[in-house]
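Q: Structure file query_31.cif (mmCIF, C-alpha atoms) right here:
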data_model
loop_
_atom_site.label_atom_id
_atom_site.label_comp_id
_atom_site.auth_asym_id
_atom_site.auth_seq_id
_atom_site.Cartn_x
_atom_site.Cartn_y
_atom_site.Cartn_z
CA MET A 1 0.00 0.00 0.00
CA PRO A 2 1.95 3.04 -1.25
CA LEU A 3 -0.52 5.49 0.31
CA VAL A 4 -0.03 4.09 3.78
CA ARG A 5 3.72 4.14 3.25
CA ASN A 6 3.65 7.79 2.16
CA VAL A 7 1.58 8.82 5.15
CA ARG A 8 3.91 6.86 7.38
CA ASN A 9 6.95 8.57 5.79
CA LEU A 10 5.39 11.99 6.20
CA GLY A 11 4.66 11.32 9.85
CA HIS A 12 8.16 10.00 10.37
CA HIS A 13 9.74 13.14 8.87
CA LEU A 14 7.46 15.40 10.87
CA ILE A 15 8.22 13.68 14.15
CA GLU A 16 11.92 13.69 13.26
CA ALA A 17 11.79 17.45 12.57
CA VAL A 18 10.01 18.23 15.85
CA TRP A 19 12.45 15.95 17.67
CA ARG A 20 15.45 17.78 16.21
CA LEU A 21 13.88 21.14 17.01
CA GLY A 22 13.48 20.13 20.62
CA TYR A 23 17.04 18.80 20.74
CA ALA A 24 18.32 22.05 19.18
CA THR A 25 16.42 24.10 21.78
CA ARG A 26 17.96 22.06 24.58
CA PHE A 27 21.36 22.54 22.92
CA PHE A 28 20.79 26.33 22.85
CA VAL A 29 19.89 26.38 26.56
CA LEU A 30 22.95 24.24 27.26
CA ILE A 31 25.17 26.76 25.44
CA LEU A 32 23.73 29.62 27.50
CA MET A 33 24.20 27.72 30.73
CA ASN A 34 27.81 26.84 29.88
CA SER A 35 28.81 30.33 28.74
CA GLY A 36 30.47 31.29 32.02
CA LEU A 37 33.81 29.76 31.13
CA SER A 38 34.11 31.53 27.80
CA PHE A 39 33.69 34.92 29.51
CA ARG A 40 36.15 34.09 32.26
CA ARG A 41 38.64 33.01 29.61
CA PHE A 42 37.86 35.70 27.11
CA HIS A 43 40.74 34.81 24.78
CA LEU A 44 38.66 31.82 23.67
CA ILE A 45 36.05 34.22 22.29
CA VAL A 46 38.71 36.53 20.84
CA ARG A 47 40.18 33.59 18.90
CA GLU A 48 36.78 32.71 17.45
CA LEU A 49 36.05 36.37 16.73
CA PHE A 50 39.09 36.30 14.51
CA PHE A 51 37.86 33.29 12.55
CA SER A 52 34.20 34.23 12.24
CA GLY A 53 34.42 38.03 12.27
CA VAL A 54 37.74 39.19 10.88
CA MET A 55 37.85 36.52 8.20
CA SER A 56 34.36 37.50 6.98
CA LEU A 57 35.36 41.15 6.78
CA VAL A 58 36.53 41.24 3.19
CA ILE A 59 33.48 39.55 1.68
CA ILE A 60 31.13 41.70 3.78
CA LEU A 61 32.81 44.96 2.76
CA VAL A 62 33.04 44.08 -0.93
CA ALA A 63 29.47 42.76 -1.09
CA GLY A 64 28.20 45.86 0.76
CA LEU A 65 29.90 48.16 -1.69
CA PHE A 66 28.43 46.32 -4.68
CA VAL A 67 24.94 46.25 -3.21
CA GLY A 68 25.15 49.99 -2.54
CA VAL A 69 26.32 50.69 -6.08
CA VAL A 70 23.45 48.65 -7.54
CA LEU A 71 20.95 50.37 -5.23
CA GLY A 72 22.29 53.74 -6.35
CA LEU A 73 22.00 52.87 -10.05
CA GLN A 74 18.58 51.22 -9.85
CA GLY A 75 17.19 53.77 -7.41
CA TYR A 76 18.33 56.64 -9.60
CA GLU A 77 16.68 55.16 -12.69
CA THR A 78 13.38 54.72 -10.85
CA LEU A 79 13.42 58.00 -8.94
CA LYS A 80 14.29 59.91 -12.11
CA SER A 81 10.89 59.09 -13.59
CA TYR A 82 9.27 60.87 -10.62
CA GLY A 83 11.71 63.75 -10.78
CA SER A 84 12.89 63.08 -7.24
CA GLU A 85 16.53 62.07 -7.71
CA SER A 86 17.36 64.02 -4.56
CA SER A 87 15.72 61.29 -2.45
CA LEU A 88 18.34 58.81 -3.61
CA GLY A 89 20.18 59.06 -0.30
CA GLN A 90 17.01 58.29 1.59
CA LEU A 91 16.26 55.26 -0.58
CA VAL A 92 19.76 53.82 -0.33
CA ALA A 93 20.13 54.40 3.41
CA LEU A 94 16.70 53.17 4.45
CA SER A 95 16.83 49.99 2.37
CA LEU A 96 20.32 49.20 3.67
CA VAL A 97 19.83 50.04 7.32
CA ARG A 98 16.42 48.41 7.66
CA GLU A 99 16.66 45.35 5.42
CA LEU A 100 19.58 44.68 3.15
CA GLY A 101 22.35 45.30 5.65
CA PRO A 102 21.19 42.86 8.34
CA VAL A 103 19.75 40.26 5.95
CA LEU A 104 22.50 40.09 3.33
CA ALA A 105 25.26 40.29 5.94
CA ALA A 106 23.60 37.41 7.80
CA LEU A 107 23.28 35.34 4.62
CA LEU A 108 26.95 35.92 3.81
CA PHE A 109 27.89 35.21 7.41
CA ALA A 110 25.96 31.92 7.31
CA SER A 111 27.75 30.75 4.21
CA ARG A 112 31.16 32.09 5.15
CA ALA A 113 31.41 31.51 8.91
CA GLY A 114 28.43 29.26 9.69
CA SER A 115 29.45 26.53 7.26
CA ALA A 116 33.01 26.66 8.59
CA MET A 117 31.76 26.27 12.17
CA THR A 118 29.64 23.25 11.22
CA ALA A 119 32.45 21.57 9.32
CA GLU A 120 34.94 22.23 12.11
CA ILE A 121 32.77 20.86 14.90
CA GLY A 122 31.51 18.00 12.75
CA LEU A 123 35.08 16.96 11.99
CA MET A 124 36.06 17.33 15.63
CA LYS A 125 33.27 14.93 16.43
CA ALA A 126 34.14 12.57 13.55
CA THR A 127 37.78 12.40 14.65
CA GLU A 128 36.65 11.85 18.24
CA GLN A 129 38.22 15.01 19.60
CA ILE A 130 34.96 15.85 21.35
CA ALA A 131 34.84 12.41 22.93
CA ALA A 132 38.47 12.85 24.00
CA MET A 133 37.62 16.14 25.71
CA GLU A 134 34.79 14.50 27.61
CA MET A 135 37.20 11.79 28.62
CA MET A 136 39.51 14.43 30.12
CA ALA A 137 36.54 15.94 31.99
CA VAL A 138 36.56 19.03 29.76
CA ASN A 139 33.04 20.09 28.88
CA PRO A 140 33.07 20.38 25.06
CA ILE A 141 30.05 22.71 25.06
CA ALA A 142 31.79 25.18 27.35
CA ARG A 143 35.21 24.83 25.71
CA VAL A 144 34.35 24.52 22.00
CA VAL A 145 30.75 25.50 21.34
CA ALA A 146 30.00 28.47 23.62
CA PRO A 147 32.99 30.64 22.52
CA ARG A 148 31.96 30.17 18.88
CA PHE A 149 28.38 31.08 19.74
CA TRP A 150 29.34 34.33 21.48
CA ALA A 151 31.84 35.24 18.77
CA GLY A 152 29.09 34.87 16.17
CA VAL A 153 26.60 36.87 18.23
CA ILE A 154 29.12 39.69 18.79
CA SER A 155 30.42 39.88 15.24
CA MET A 156 27.07 39.74 13.42
CA PRO A 157 25.80 43.27 14.34
CA LEU A 158 29.25 44.73 13.69
CA LEU A 159 29.44 43.08 10.27
CA ALA A 160 25.93 44.22 9.38
CA ALA A 161 26.75 47.81 10.37
CA MET A 162 29.90 47.72 8.24
CA PHE A 163 27.89 46.30 5.36
CA SER A 164 25.41 49.18 5.61
CA VAL A 165 28.16 51.79 5.80
CA MET A 166 29.87 50.37 2.74
CA GLY A 167 26.51 50.25 0.97
CA VAL A 168 25.79 53.91 1.73
CA PHE A 169 29.27 54.73 0.51
CA GLY A 170 28.61 52.76 -2.69
CA GLY A 171 25.34 54.61 -3.22
CA TYR A 172 27.14 57.91 -2.61
CA LEU A 173 29.86 56.95 -5.06
CA VAL A 174 27.50 56.12 -7.87
CA GLY A 175 24.83 58.74 -7.13
CA VAL A 176 26.89 61.79 -6.23
CA VAL A 177 30.30 61.19 -7.76
CA PHE A 178 29.37 59.49 -11.04
CA ILE A 179 25.79 60.53 -11.82
CA GLY A 180 25.91 63.92 -10.16
CA VAL A 181 23.03 64.00 -7.69
CA ASP A 182 23.36 67.05 -5.45
CA GLU A 183 25.60 66.11 -2.53
CA GLY A 184 23.84 68.29 0.03
CA SER A 185 20.39 66.92 -0.69
CA PHE A 186 21.74 63.37 -0.80
CA TRP A 187 22.95 63.59 2.81
CA SER A 188 20.24 65.86 4.18
CA GLN A 189 17.38 63.77 2.79
CA MET A 190 19.09 60.74 4.28
CA GLN A 191 19.55 62.27 7.72
CA PHE A 192 16.05 63.66 7.64
CA SER A 193 14.42 60.28 7.05
CA VAL A 194 16.63 57.78 8.88
CA ASP A 195 15.65 57.73 12.53
CA PHE A 196 18.21 56.46 15.03
CA GLN A 197 15.81 54.46 17.18
CA HIS A 198 13.30 53.39 14.60
CA ASP A 199 15.67 52.43 11.80
CA ILE A 200 19.23 51.99 13.03
CA LEU A 201 18.62 50.38 16.42
CA ASN A 202 15.99 48.08 14.91
CA GLY A 203 18.49 47.10 12.20
CA VAL A 204 21.13 46.33 14.83
CA LEU A 205 18.56 44.31 16.79
CA LYS A 206 17.68 42.38 13.65
CA SER A 207 21.28 41.47 12.95
CA PHE A 208 21.70 40.41 16.58
CA VAL A 209 18.74 38.03 16.27
CA PHE A 210 20.10 36.70 12.97
CA GLY A 211 23.49 36.20 14.62
CA VAL A 212 21.94 34.07 17.36
CA ALA A 213 19.92 32.05 14.84
CA VAL A 214 22.78 31.41 12.41
CA THR A 215 25.34 30.40 15.03
CA VAL A 216 22.92 28.14 16.89
CA ILE A 217 21.97 26.38 13.65
CA ALA A 218 25.60 26.06 12.55
CA LEU A 219 26.82 24.75 15.91
CA PHE A 220 23.90 22.38 16.34
CA GLU A 221 24.29 20.91 12.86
CA GLY A 222 27.99 20.38 13.51
CA TYR A 223 27.41 18.85 16.93
CA ASP A 224 24.63 16.62 15.64
CA ALA A 225 26.39 15.57 12.42
CA PRO A 226 26.86 11.83 11.83
CA ALA A 227 30.52 11.05 12.34
CA THR A 228 31.24 10.29 8.70
CA ALA A 229 32.48 12.25 5.68
CA GLU A 230 28.98 12.31 4.17
CA GLY A 231 27.52 13.26 7.52
CA VAL A 232 29.73 16.34 7.84
CA SER A 233 29.18 17.43 4.24
CA GLY A 234 25.41 16.99 4.61
CA ALA A 235 25.44 18.96 7.86
CA THR A 236 27.35 21.82 6.21
CA THR A 237 24.81 21.98 3.40
CA ARG A 238 21.94 21.91 5.89
CA THR A 239 23.52 24.75 7.86
CA VAL A 240 23.58 27.06 4.86
CA VAL A 241 20.11 26.10 3.62
CA GLN A 242 18.42 26.23 7.02
CA SER A 243 20.14 29.44 8.10
CA SER A 244 19.09 31.18 4.89
CA VAL A 245 15.47 30.12 5.28
CA VAL A 246 15.42 30.98 8.98
CA ILE A 247 17.01 34.40 8.36
CA LEU A 248 14.39 35.30 5.77
CA LEU A 249 11.55 33.95 7.91
CA LEU A 250 12.75 35.82 11.00
CA ASP A 251 13.12 38.92 8.84
CA VAL A 252 9.45 38.72 7.86
CA ILE A 253 8.41 38.40 11.50
CA LEU A 254 10.76 41.10 12.80
CA THR A 255 9.83 43.54 10.05
CA ALA A 256 6.14 42.97 10.76
CA ILE A 257 6.69 43.69 14.46
CA MET A 258 9.15 46.59 14.13
CA PHE A 259 7.84 48.56 11.18
CA ARG A 260 4.14 47.73 11.11
CA GLY A 261 3.64 47.45 14.83
CA ILE A 262 1.62 44.23 14.64
CA MET B 1 49.06 34.50 27.98
CA GLU B 2 50.85 36.54 25.35
CA ARG B 3 49.66 39.20 23.03
CA SER B 4 49.40 38.05 19.44
CA THR B 5 48.66 39.53 16.02
CA LEU B 6 45.33 37.75 16.22
CA ASP B 7 44.33 40.04 19.10
CA LEU B 8 45.32 43.06 17.05
CA TRP B 9 43.09 41.99 14.17
CA VAL B 10 40.17 41.33 16.47
CA GLY B 11 40.73 44.75 18.04
CA VAL B 12 40.71 46.38 14.61
CA PHE B 13 37.55 44.47 13.74
CA VAL B 14 35.67 45.53 16.87
CA VAL B 15 36.77 49.16 16.53
CA ALA B 16 35.73 49.21 12.86
CA GLY B 17 32.36 47.69 13.74
CA ILE B 18 31.65 50.21 16.48
CA ALA B 19 32.82 53.02 14.20
CA ALA B 20 30.39 51.75 11.56
CA ILE B 21 27.49 51.91 14.02
CA ALA B 22 28.58 55.42 15.01
CA ILE B 23 28.74 56.49 11.36
CA LEU B 24 25.26 55.08 10.82
CA ALA B 25 23.98 56.96 13.87
CA PHE B 26 25.52 60.36 13.15
CA LYS B 27 26.15 60.55 9.43
CA VAL B 28 23.33 58.42 8.02
CA GLY B 29 20.83 58.80 10.85
CA ASN B 30 19.51 61.77 12.74
CA LEU B 31 21.28 61.31 16.06
CA GLY B 32 23.45 64.33 15.26
CA THR B 33 20.35 66.53 15.14
CA TYR B 34 18.77 65.07 18.26
CA ASN B 35 18.82 66.80 21.59
CA VAL B 36 16.39 64.97 23.75
CA SER B 37 16.95 66.81 27.00
CA GLU B 38 16.41 70.31 25.68
CA SER B 39 12.84 70.17 24.49
CA TYR B 40 9.37 70.88 25.79
CA GLN B 41 6.10 69.11 25.10
CA VAL B 42 2.91 70.74 23.91
CA LYS B 43 -0.41 69.27 22.88
CA ALA B 44 -2.94 70.22 20.23
CA TYR B 45 -6.33 68.80 19.27
CA PHE B 46 -7.42 68.31 15.67
CA THR B 47 -10.69 67.08 14.17
CA ASN B 48 -8.70 65.28 11.49
CA VAL B 49 -4.97 64.56 11.39
CA GLY B 50 -4.97 62.94 7.95
CA GLY B 51 -1.79 60.90 7.57
CA LEU B 52 0.17 62.55 10.38
CA ARG B 53 2.25 60.08 12.35
CA ALA B 54 4.67 60.07 15.27
CA THR B 55 8.17 61.28 14.27
CA ALA B 56 6.66 63.68 11.72
CA SER B 57 8.46 67.00 11.73
CA VAL B 58 7.27 70.24 13.32
CA LYS B 59 8.29 73.27 11.31
CA SER B 60 7.99 77.00 11.61
CA SER B 61 8.66 79.10 8.51
CA GLY B 62 10.03 75.91 6.97
CA VAL B 63 12.65 75.40 9.69
CA LEU B 64 12.60 72.14 11.63
CA VAL B 65 11.92 72.99 15.29
CA GLY B 66 10.66 69.69 16.71
CA ARG B 67 9.01 66.33 16.20
CA VAL B 68 5.58 64.81 16.75
CA THR B 69 5.94 62.30 19.57
CA GLU B 70 2.44 60.85 19.78
CA VAL B 71 -0.83 60.80 17.87
CA LYS B 72 -3.88 59.29 19.56
CA LEU B 73 -7.62 59.67 19.76
CA ASN B 74 -8.85 61.46 22.85
CA SER B 75 -11.94 59.48 23.75
CA GLU B 76 -13.49 62.32 25.80
CA ARG B 77 -13.40 64.94 23.07
CA TYR B 78 -13.42 62.53 20.11
CA GLU B 79 -10.62 64.48 18.59
CA ALA B 80 -7.09 63.53 17.65
CA GLU B 81 -4.60 64.49 20.33
CA VAL B 82 -1.17 65.30 18.92
CA THR B 83 1.78 65.62 21.29
CA MET B 84 4.88 67.29 19.93
CA SER B 85 8.25 68.05 21.44
CA ILE B 86 9.78 71.34 20.44
CA ASP B 87 13.40 72.38 20.80
CA LYS B 88 13.94 74.64 23.85
CA ARG B 89 15.82 77.16 21.71
CA TYR B 90 12.57 78.03 19.93
CA GLN B 91 9.89 79.72 22.03
CA PHE B 92 6.40 80.27 20.64
CA PRO B 93 3.57 82.57 21.82
CA LYS B 94 0.50 81.04 23.42
CA ASP B 95 -1.74 81.93 20.46
CA THR B 96 0.39 80.09 17.92
CA LEU B 97 -1.60 78.61 15.04
CA VAL B 98 -0.91 74.91 14.51
CA SER B 99 -1.81 73.49 11.13
CA ILE B 100 -1.23 70.15 9.46
CA LEU B 101 0.43 70.69 6.10
CA THR B 102 1.65 68.47 3.31
CA SER B 103 5.11 68.75 1.78
CA GLY B 104 4.62 68.75 -1.95
CA LEU B 105 1.47 67.42 -3.55
CA LEU B 106 1.70 63.86 -2.27
CA GLY B 107 4.49 64.17 0.29
CA ASP B 108 4.64 63.52 4.01
CA GLN B 109 2.44 65.43 6.38
CA TYR B 110 4.02 67.71 8.91
CA ILE B 111 2.99 70.33 11.43
CA GLY B 112 3.42 74.01 10.69
CA LEU B 113 3.57 76.57 13.51
CA LYS B 114 2.58 80.15 12.83
CA PRO B 115 3.39 82.40 15.82
CA GLY B 116 0.72 84.76 17.10
CA MET B 117 1.05 88.06 19.00
CA ASP B 118 0.56 86.93 22.59
CA ASP B 119 3.22 87.95 25.13
CA GLY B 120 3.00 84.68 27.09
CA MET B 121 5.11 81.84 25.79
CA LEU B 122 4.18 78.16 25.54
CA LYS B 123 5.45 76.03 28.38
CA ASN B 124 5.92 72.31 28.86
CA GLY B 125 2.53 70.55 28.95
CA ASP B 126 0.55 73.43 27.44
CA VAL B 127 -2.32 72.89 25.03
CA ILE B 128 -2.45 74.94 21.86
CA HIS B 129 -6.02 75.96 21.02
CA MET B 130 -5.66 77.45 17.57
CA THR B 131 -5.51 74.48 15.22
CA ARG B 132 -6.26 73.82 11.60
CA SER B 133 -6.86 70.21 10.60
CA ALA B 134 -5.40 68.31 7.69
CA VAL B 135 -6.86 68.90 4.28
CA VAL B 136 -8.49 65.69 3.10
CA LEU B 137 -8.26 65.32 -0.65
CA GLU B 138 -11.63 63.54 -0.90
CA ASP B 139 -13.40 66.48 0.81
CA ILE B 140 -11.94 68.97 -1.67
CA ILE B 141 -12.89 66.80 -4.63
CA GLY B 142 -16.36 66.45 -3.15
CA GLN B 143 -16.68 70.23 -2.81
CA ILE B 144 -15.51 70.79 -6.38
CA VAL B 145 -17.96 68.22 -7.71
CA ALA B 146 -20.78 69.80 -5.68
CA SER B 147 -19.98 73.32 -6.92
CA LYS B 148 -19.80 72.10 -10.52
CA ALA B 149 -23.19 70.47 -10.11
CA GLU B 150 -24.49 73.74 -8.65
CA ASN B 151 -23.17 75.71 -11.65
CA ALA B 152 -24.62 73.26 -14.13
CA LYS B 153 -28.16 73.93 -12.92
#
Would you kindly transcribe this structure into structure tokens?

A:
Amino acid sequence: MPLVRNVRNLGHHLIEAVWRLGYATRFFVLILMNSGLSFRRFHLIVRELFFSGVMSLVIILVAGLFVGVVLGLQGYETLKSYGSESSLGQLVALSLVRELGPVLAALLFASRAGSAMTAEIGLMKATEQIAAMEMMAVNPIARVVAPRFWAGVISMPLLAAMFSVMGVFGGYLVGVVFIGVDEGSFWSQMQFSVDFQHDILNGVLKSFVFGVAVTVIALFEGYDAPATAEGVSGATTRTVVQSSVVILLLDVILTAIMFRGI
Amino acid sequence: MERSTLDLWVGVFVVAGIAAIAILAFKVGNLGTYNVSESYQVKAYFTNVGGLRATASVKSSGVLVGRVTEVKLNSERYEAEVTMSIDKRYQFPKDTLVSILTSGLLGDQYIGLKPGMDDGMLKNGDVIHMTRSAVVLEDIIGQIVASKAENAK
């Protein structure tokens, strides 16, 4: 009976998904509870900040610049038909600070740093380094996982802010320097419309939430990966796919709460 | 524990990140034009606020002097109660006329202040009585249509 088998498969996958979600939640709580050590020995976090933050810097800055340039070009073409090229600064800054900065930086962070975290922890597990730590009475969550979590959470808002700044600079470059939009109105329209609390702080909050989501997914997938080569590669793929979907889903929810006041 | 080049890079990263947030706040955002402590609050009642929202600007002679902080319906008067905070540097007479204006044909709505002749100045918590509500486009169109119909007879 293929129908019965399909229903059974569906149920199996659903239960499996809920099971993993519960396990991931417990893992997240475990990270928070075992974070004390990583703050007492702060150099653990600093080391991970280097790998997840500093190493992502180049791609974030370059991507931010390109996104800003494209926004400037496209925005100018559209605004020109309404005769309001002077609002280009407003368009570029608001779209970057509210949406593109946090979301695109988080997507890049997930593929650049998140996948690396998963692969690293998955391989540590596959080569039994995690088991060895437990054997020596070293808590692997406190020693390996928590520093990576906090490094991701700290670096994500900083990376998103840098992305937005580079984007605004890119928009300025293309709009003011190349096309010739009035410089004064570019900046004044921008400052007039971008509110510190409503736009910038909400953007920082968004990237913070994305940082938590991406690092928890990446660390969990690594920690939960089957201890084989296929297992680790599958877990890395899942990290990127799941983080991307979760980032966009969270963005919908956060935008609805922050900017529509639902 | 020794200092390493890794620490230097992380330091540079954190400083650059915080600088980016500061640039966003002061250069891109309006934190540079904010002074929260030096403002006073006044209220005004309107029969219709149109599309006026919190954070809309308050202008006098076209100069930005404050921001709208709250728009709500007063359920005793059944009128919209608009609270605005005005920069302490700008003092206005008690009989100032408050009107809701639109920037451009379809632009944002803002509040325009037109000073009166009174000697007393507005203080924190005062209510401005002279108000002019927002112009609702549908009402104007309705009036035009009605007057056309009148002429046609």

Q: Show me, as a VMD selection string, the residues that have an atom within 7 Å of A:Leu159 when counting all atoms listed in the file, minus same-chain residues fewer than 3 positions from it.

A: (chain A and resid 60 105 155 to 156 162 to 163) or (chain B and resid 17)

Q: Decode the PyMOL selection byres ((chain A) within 7 of (chain B)) for the given file into explicit residues and return them as number ranges by chain.

A: A: 46, 49-50, 54, 93, 158-159, 161-162, 165, 190-192, 194-196, 200

Q: Step by step, gather every atom of stretch 39-46 of chain B that the file lists, find the box along x, y and z that holds them, add 4 Å on each side, and finally give centre and edge lengths in Å to one decimal, as AutoDock Vina command-line options.

A:
--center_x 2.7 --center_y 69.6 --center_z 20.7 --size_x 28.3 --size_y 10.6 --size_z 18.1

Q: Between atom CA of B:Gln109 and atom CA of B:Ser85, what is the distance in Å, rounded to a tenth?

A: 16.4 Å

Q: So what do you get for atom CA of A:Ala142 versus atom CA of A:Leu37, distance-wise?

A: 6.3 Å

Q: Within 10 Å of A:Ala116, counting only C-alpha atoms, which residues qualify if same-chain residues fewer than 6 places away don't, as a PDB file with C-alpha atoms, in the frame of the given file?

A:
ATOM      1  CA  PHE A  51      37.860  33.290  12.550  1.00  0.00           C
ATOM      2  CA  SER A  52      34.200  34.230  12.240  1.00  0.00           C
ATOM      3  CA  ALA A 110      25.960  31.920   7.310  1.00  0.00           C
ATOM      4  CA  GLY A 122      31.510  18.000  12.750  1.00  0.00           C
ATOM      5  CA  ALA A 218      25.600  26.060  12.550  1.00  0.00           C
ATOM      6  CA  LEU A 219      26.820  24.750  15.910  1.00  0.00           C
ATOM      7  CA  GLY A 222      27.990  20.380  13.510  1.00  0.00           C
ATOM      8  CA  THR A 236      27.350  21.820   6.210  1.00  0.00           C
ATOM      9  CA  THR A 239      23.520  24.750   7.860  1.00  0.00           C
TER      10      THR A 239
END

Q: Taking the file as shown, find all residues satisfying the PyMOL selection byres ((chain B and resi 135) around 8) and write them as number ranges by chain.

A: B: 50, 100-101, 133-134, 136-137, 139-140
